[in-house]
Every structure is written in structure tokens, then in C-alpha cells.
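See structure below.
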Amino acid sequence: MILTNSFIMKKLFSAFLFAALIISCQTKVNEPIKVSDQIRLNQVGYYPSSVKEFILADLSGTSFDLADNDEKVVFSGVLVDQGTWKTSGEKVMFGDFTEFNTPGTYHIIVDGKTSSYPFEIKNNIYEPVLHAAIKSYYFQRASMAIEETYGGIYKRAAGHPDDACIYHPSSGKSEGTLNAPGGWYDAGDYGKYIVNASLSVGEMLLLLEQFPDGISDGDLNIPESGNGISDLWDELKYELDWILTMQDDDGGVYFKLTALGFGGFIMPEAYDLDRYIIGKATASTLDFAAVLAQASRLYKEIDPEWSAKALDASVKAWNWAQNNNNIAFKNPEDVSTGQYGDAEFSDDFFWAASELFLATKNDTYKSAMTEFNQTYQHQLADSWMHFVRNVGFHSLLENKDDLDPEMAESLTTGHLTLADEILQKISDHPYHIALDNFVWGSNSDILNQALILCVAHRISGEEKYLIGAEQITDYIFGKNATGYSFMTGFGTKKVIFPHHRPSGADGIADPVPGFILGGPNNDRQDAHEVTYSSEFAAKAFMDVEPSFASNEVCINWNAPAVYVLGYLQQVRK
Ligand code: 9MR
């Protein structure tokens, strides 16, 4: 491995931070307390009214203290043995300080010897992470420069104009080029994929629907700030406007806009591969129809002209899919960018029918909802393929008055049953999460569970669902078997080397902030390039740049984080 200057700088910085932490935690009697990531907690912190839990991994102890910055003990509690978590191989103890709710900065001390990282108890604790999670999409914008005014040190030149993309034969076209600028880069790569774009926007539109003023104009400091419209809508519209460009004249929607293969770790402006319009398929067309109908309904009053255009495009896409209802996308031989392959379309039909029904109240779509009725479930893994049905459920639940009472009732029961199953798993789990199977994008699996719990809280008002959602966000910010905070830029044990091209190429020590990493992935598809330090599934995560299987960023992993953090911020404040 070649050690670059930026690599060495990043390493030195991490070592310095760690040393500073140890020094700052000397006790008054001069006995150093060791700061250890074996105490796993939410390194960002807790709302005063939140549940407040932590895990002790492979450390013995019987009791714990909560100490403030002056080492004054403000709360004490007992540790509860949870046995061994076989997925992480750890002996797990559990502590709870929910009762303590005075704002301040604290750390946990176990048996007077070991300290956790510091964390805060504070109102609005999730506001910065929420804003950063949304702002990460701004940093992913294709075809425009990131200006210093908005991007600070992460300013960069424009890349990927995407104004003359070549039609790949799989698109069905052989002549001309397509003008498809804008939108967000999908992930650590510079591709743009309709299926994943639609799901990501769909999940975040739910937050906008529930709390139209949750993110105000100006909150994110993006170029559109000051236009009188929520910055979240502005950010989503940047993607939606690109999505709209991907429709063929006959209504069908191209699958993706990428080069033939992934390029190197270079900045957007240095990219020199040809960009192609690839594939035209049932899933891309239906997910396009769904998200545009959803957006058109929500923006009817704010932007009637755009809303009408979006609905028109959505209906055309739906009609195309009626006649082309089984076209699965598969990478052509000469293409090796992300496949997002899906060959089962009933859930995509269901989502599109649900959104088109809510947008038009037309009976055709109502019948289609029945025809493509879905089992009420949360199918884990590959959320871009499976979670579309849940996005449909959530829109319907939010608009129960538009449904027949029996349907409203059955959706409500289905949702609460699913949410109760998640809660049961949390309560049976040593780490108080509901996941034992760690695959590609496991952090989005877990965040989508939290999303389901927030929706359960929304429809029932029951506190237990909020608690479950918080137990899951605690996992994201450090209460996990790796001890990392899984959002770039936040927490104490930070991820420094995400698989994200601009972060790798910009020469800046810290990665672009606000990204949720994929998380532990026991399938380890990158094992030929990455040496994992643990054999355990819950620890199958490496903070190294080549680890695309565990340490990449992706728009559909951030989307549920935006929803969940946004929801918790609204109800906890
Ligand atoms: O998130 C996707 C994961 O569920 C799949 O298993 C994996 C392999 O097909 O692809 C992931 O999506 C990647 C996409 O194909 C290309 N851009 C980066 C995405 C995140 O790794």
C-alpha cells in the first residue's frame, strides 16, 4: 500500500485525538482512567427525554457511574449481564441511565477504571446530524460546482455535465445523445441509478409530508437557501429534476446513467470516461412513476406547474409498464457498474399504484393496489429492491382518510404488528437492536427498522416505538460491536477512510461529513482487497478506503437516517 501524505496526516490526527482524550480523563487522585471503546454508547448524545443505554463489551464490572466534565459523579447504576452475543463473539453487559436527564457533557466510568468517550445530553441533540445527513446530498450533486459559501473546505469544481450521454444499445436507442444533467452521485461511485434514486427520495418525502416545516428554508446553507421553500424540498428537487430527464418519449424510463465501468479515485472534475444511458426496464419505470406521483401530490400547492409535469410523466411511465410488465434489468456484457437487479415487480407496481391513487384518486390505481397487494413485511437487505413496498404502505398510512376503512384498518394492524415484532427482537437482543444478519448496507437495514418504528409512533402515539427507534440510532452513533460512529464527521471514534471518491481524492484529512456508511457486512465481497480484523459478522467492518462492501456511502443508506433523525428531532426536540 502506498502511504500518501493525506493518509499519514489522517493517521496522525486520529492518534492525536486519542491521546488528547486519555490526558483529558485523568482523575483528581492522578490515577489515569483509561478511555475505551469497549464502552459502546451514542457518541453524539441523547435528548433529555430519550432512553439512555450503553453496552460494555468484553469488560467485567458490576456497576457504573455517570460523571460530568469535572469528574463529579451525577448518577450511578448497575450493569446487567446479557451473556455472549454470538454474532460479535463478545461478552455483553448493559447499563441504563434513562432516569438522568440534566443537560451537559458526561462520560460513563466503569468500576472507577474505564471511561467511555464523552457525549452530551441536550435538547435538539440530533439537529446537527440531521442537517449534515441532508447536506451530504448537496455534496453528492453532479454537474455543478460545490462553492465555498456552501461547502466550506469541501468546495470543488463541477464534474459530469451529463449533457450529451451516449445511448447504450440496451437503452433501445442507437442515435443521438441524452441531456440528463444534475442529480446526486449514487454512492462512492459517480453513477446515477433510477431505482435507488427513487427509493431514496421517496423515503425522505415522507418526512416532508409529515413535517413540512421540519427543515426550514436556510437550515442547510445550500444555493437555493433563501428561496422561501424548505431546503429539504430544494435538495430533493435537485434529484427529482434529474429523474425526470431519464424518461424516453414512449414513457419507459432508462435504468441508469454511468460509464461502462467504475473509474478511479479521482475528483468529479478529473473524470474522463464516457457517460452512457443504459437499460430501460420495468423497475426503473415503476419506481419513477411512484416517486414522481408522490412528489407531485406534495408539491401541488408549492409549485403547481412542476407538480403537473411530474404527474404527467408518472402516468406515462405507469402506462408503459402496463405493456412492459416484466423487463428485468441485467448489466449488458460490456457494463460493470452497479446492477441493482430486480426481477420481481409486484412491489414496484404496488408502490406506483399507491402513489398514483393518492395523487389522482382514480379507481384504476385503486384496483391495481388490490391486484398487487403486498404482504405486510419488512424484507431485510437490498432495500432498493424491497423497501419500495414499505414506502407505499407509509404513504397510505399517512393518508388513511383517503382509503376504505377496512383497508386503513388492515394497514394499521399490519404496521403495528411488524413494529411490535421489531420491538420484541430489540428486547431479546443483547445490544438492544433487531439485527443479527449483517449484509451489504446493514446500516440501512437497521435504520429502516427505526423508520418503521417512527411510523408506528406516528400512527399510535405510543412511546415504546420511539424508544425502539432511539435504541437503533444509538447503534448508528457508536453502540455497536465496532465502536465506530457510522456517520462521517460525527462521534469520537470516527470513520476516516470511507469508500467515497471525493473524500479519497480531495486531499483533506477528514472525509466529507454526514454520510452513513454501509456497515458490517459478513459477505465481505471485498475480501480480496481488504483484510478484516475480526471473524465475527457484527464486526465485519473496516475503515479502509477499498472496503466497498462495508465502508461505502450510498444515498439509500442516508435516506432512512434523514427520516429517523428528522422524526426524532420533531418529537423529542
Ligand atoms: O446497495 C447495493 C447492495 O444491496 C448490493 O448487494 C450491491 C451489489 O450489487 O450493490 C449495492 O449498491 C451499489 C451499487 O450497485 C453501485 N453504487 C454503490 C452502491 C453501494 O455499494
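Ordering of the C-alpha cells sets the chain letters (A, B, ...), residue numbers begin anew at 1 in every chain, and ligands are numbered from 1 in the order given.
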Around ligand 1, out to 8 Å and counting only C-alpha atoms and all ligand atoms, which residues are there? I want them as number ranges by chain. A: 186-191, 337-341, 381-384, 439-441, 518, 548-549, 552-554, 556
Which one is closest to Val291 (chain A): A:Trp306, A:Trp351, A:Tyr475, A:Tyr254? Count only C-alpha atoms.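 Smallest separation from Val291 (chain A) among the options: A:Trp351.
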As a list in words, please: the residues near region 504-513 of chain A (cut-off 8 Å, only C-alpha atoms, same-chain neighbours under 4 positions excluded).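 The contact residues come out as Ser6, Phe7, Met9, Lys10, Ala132, Ala133, Ser136, Phe139, Tyr154, Phe265, Ile266, Met267, Met487, Thr488, Gly489, Phe490, Ile496, Phe497, Pro498, His499, His500 and Glu545 of chain A.
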Expressed in Å to a single decimal, how great is the separation between CA of Gly214 (chain A) and CA of Tyr138 (chain A)? 17.9 Å
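Close contacts of Met385 (chain A), defined as residues with an atom at most 10 Å away when counting only C-alpha atoms, with chain neighbours fewer than 6 positions off set aside, comprise Val195, Asn196, Leu199, Ala283, Tyr340, Gly341, Asp342, Ala343, Glu344, Phe345, Asp347, Asp348 and Gln379 of chain A.
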Between A:Cys454, A:Asn437, A:Leu356, A:Cys165, which has the minimum distance to Lys256 (chain A) (counting only C-alpha atoms)? A:Cys165
A:His528, A:Lys192, A:Lys135, A:His432: which is nearest Ser284 (chain A), counting only C-alpha atoms?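 Closest candidate: A:Lys192.
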Could you please determine the separation between CA of Met407 (chain A) and CA of Phe357 (chain A) in Å, to one decimal place?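 Between CA of Met407 (chain A) and CA of Phe357 (chain A) the gap is 13.6 Å.
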Report as a tab-separated table the residues of region 402-464 of chain A within 9 Å of region 78-90 of chain A, each with its shortest atom pair and distance in Å (one decimal), using only C-alpha atoms, ordered by chain and increasing residue number.
residue	atom	partner	partner_atom	distance
A:His429	CA	A:Trp85	CA	8.2
A:Pro430	CA	A:Gln82	CA	5.4
A:Tyr431	CA	A:Trp85	CA	8.1
A:Asp436	CA	A:Thr87	CA	6.6
A:Asn437	CA	A:Thr87	CA	8.2
Using only C-alpha atoms, find the one residue out of A:Asn551, A:Ser503, A:Thr482, A:Ser307 that sits nearest to Ser534 (chain A). A:Thr482
Just give me the gap between CA of Phe372 (chain A) and CA of Ala281 (chain A) in Å, one decimal is fine.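 We find that CA of Phe372 (chain A) and CA of Ala281 (chain A) lie 18.3 Å from each other.
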Fewer than 4 positions away in the same chain doesn't count, so skip those; otherwise give me all residues within 6 Å of Ala57 (chain A), counting only C-alpha atoms, as a PyMOL selection string. chain A and resi 38+90-92
Take the residues that were just selected and, keeping N, CA, C and O atoms, output them as a PDB file, in the first residue's frame.
ATOM      1  N   GLN A  38     -14.571   0.002  24.479  1.00  0.00           N
ATOM      2  CA  GLN A  38     -15.341  -1.168  24.920  1.00  0.00           C
ATOM      3  C   GLN A  38     -16.629  -0.741  25.635  1.00  0.00           C
ATOM      4  O   GLN A  38     -17.494  -1.560  25.889  1.00  0.00           O
ATOM      5  N   GLU A  90     -18.784 -11.340  21.660  1.00  0.00           N
ATOM      6  CA  GLU A  90     -18.466 -10.565  22.863  1.00  0.00           C
ATOM      7  C   GLU A  90     -19.312 -10.984  24.063  1.00  0.00           C
ATOM      8  O   GLU A  90     -20.492 -11.338  23.918  1.00  0.00           O
ATOM      9  N   LYS A  91     -18.705 -10.833  25.237  1.00  0.00           N
ATOM     10  CA  LYS A  91     -19.485 -10.926  26.467  1.00  0.00           C
ATOM     11  C   LYS A  91     -20.057  -9.537  26.699  1.00  0.00           C
ATOM     12  O   LYS A  91     -19.332  -8.544  26.749  1.00  0.00           O
ATOM     13  N   VAL A  92     -21.343  -9.464  26.813  1.00  0.00           N
ATOM     14  CA  VAL A  92     -22.022  -8.169  26.801  1.00  0.00           C
ATOM     15  C   VAL A  92     -22.670  -7.852  28.150  1.00  0.00           C
ATOM     16  O   VAL A  92     -23.371  -8.692  28.719  1.00  0.00           O
TER      17      VAL A  92
END
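If you measure from each of A:Ser63, A:Ser410, A:Thr285, A:Gln424 to Phe349 (chain A) using only C-alpha atoms, the closest one turns out to be A:Thr285.
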From a backbone DSSP assignment, name each residue in region 436-565 of chain A labelled helix (DSSP H, G or I), as a ChimeraX atom specification. /A:442-460,463-476,501-505,537-539,555-565
Exercise: Gly392 (chain A) partners within 9 Å, only C-alpha atoms, chain neighbours under 2 positions left out, as a list in words: Gly202, Ala290, Asp347, Asp348, Phe350, Trp351, Ala352, Ala353, Ser354, Glu355, Phe387, Val388, Arg389, Asn390, His394, Ser395, Leu396 and Leu397 of chain A
Using only C-alpha atoms, which residues sit within 9 Å of Thr149 (chain A) once same-chain residues fewer than 6 positions away are excluded, as a PyMOL selection string? chain A and resi 155+221-223
Preceding selection exported with N, CA, C and O atoms as an mmCIF file, in the first residue's frame:
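selection_10.cif written:
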data_model
loop_
_atom_site.group_PDB
_atom_site.id
_atom_site.type_symbol
_atom_site.label_atom_id
_atom_site.label_comp_id
_atom_site.auth_asym_id
_atom_site.auth_seq_id
_atom_site.Cartn_x
_atom_site.Cartn_y
_atom_site.Cartn_z
ATOM 1 N N LYS A 155 -15.301 22.503 -0.871
ATOM 2 C CA LYS A 155 -15.600 23.102 -2.178
ATOM 3 C C LYS A 155 -14.880 22.300 -3.271
ATOM 4 O O LYS A 155 -13.792 21.753 -3.042
ATOM 5 N N ASN A 221 -27.955 25.809 4.325
ATOM 6 C CA ASN A 221 -26.973 26.640 3.596
ATOM 7 C C ASN A 221 -26.583 25.998 2.264
ATOM 8 O O ASN A 221 -25.443 25.612 2.036
ATOM 9 N N ILE A 222 -27.586 25.869 1.401
ATOM 10 C CA ILE A 222 -27.341 25.359 0.044
ATOM 11 C C ILE A 222 -27.693 26.492 -0.934
ATOM 12 O O ILE A 222 -28.286 27.499 -0.521
ATOM 13 N N PRO A 223 -27.356 26.369 -2.205
ATOM 14 C CA PRO A 223 -27.567 27.507 -3.115
ATOM 15 C C PRO A 223 -29.023 28.000 -3.160
ATOM 16 O O PRO A 223 -29.272 29.183 -3.382
#
Using only C-alpha atoms, which of the listed residues (A:Trp233, A:Asn399, A:Val253, A:Tyr484) sits closest to Asp213 (chain A)?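 Checking each candidate against Asp213 (chain A), we get A:Trp233 as the closest.
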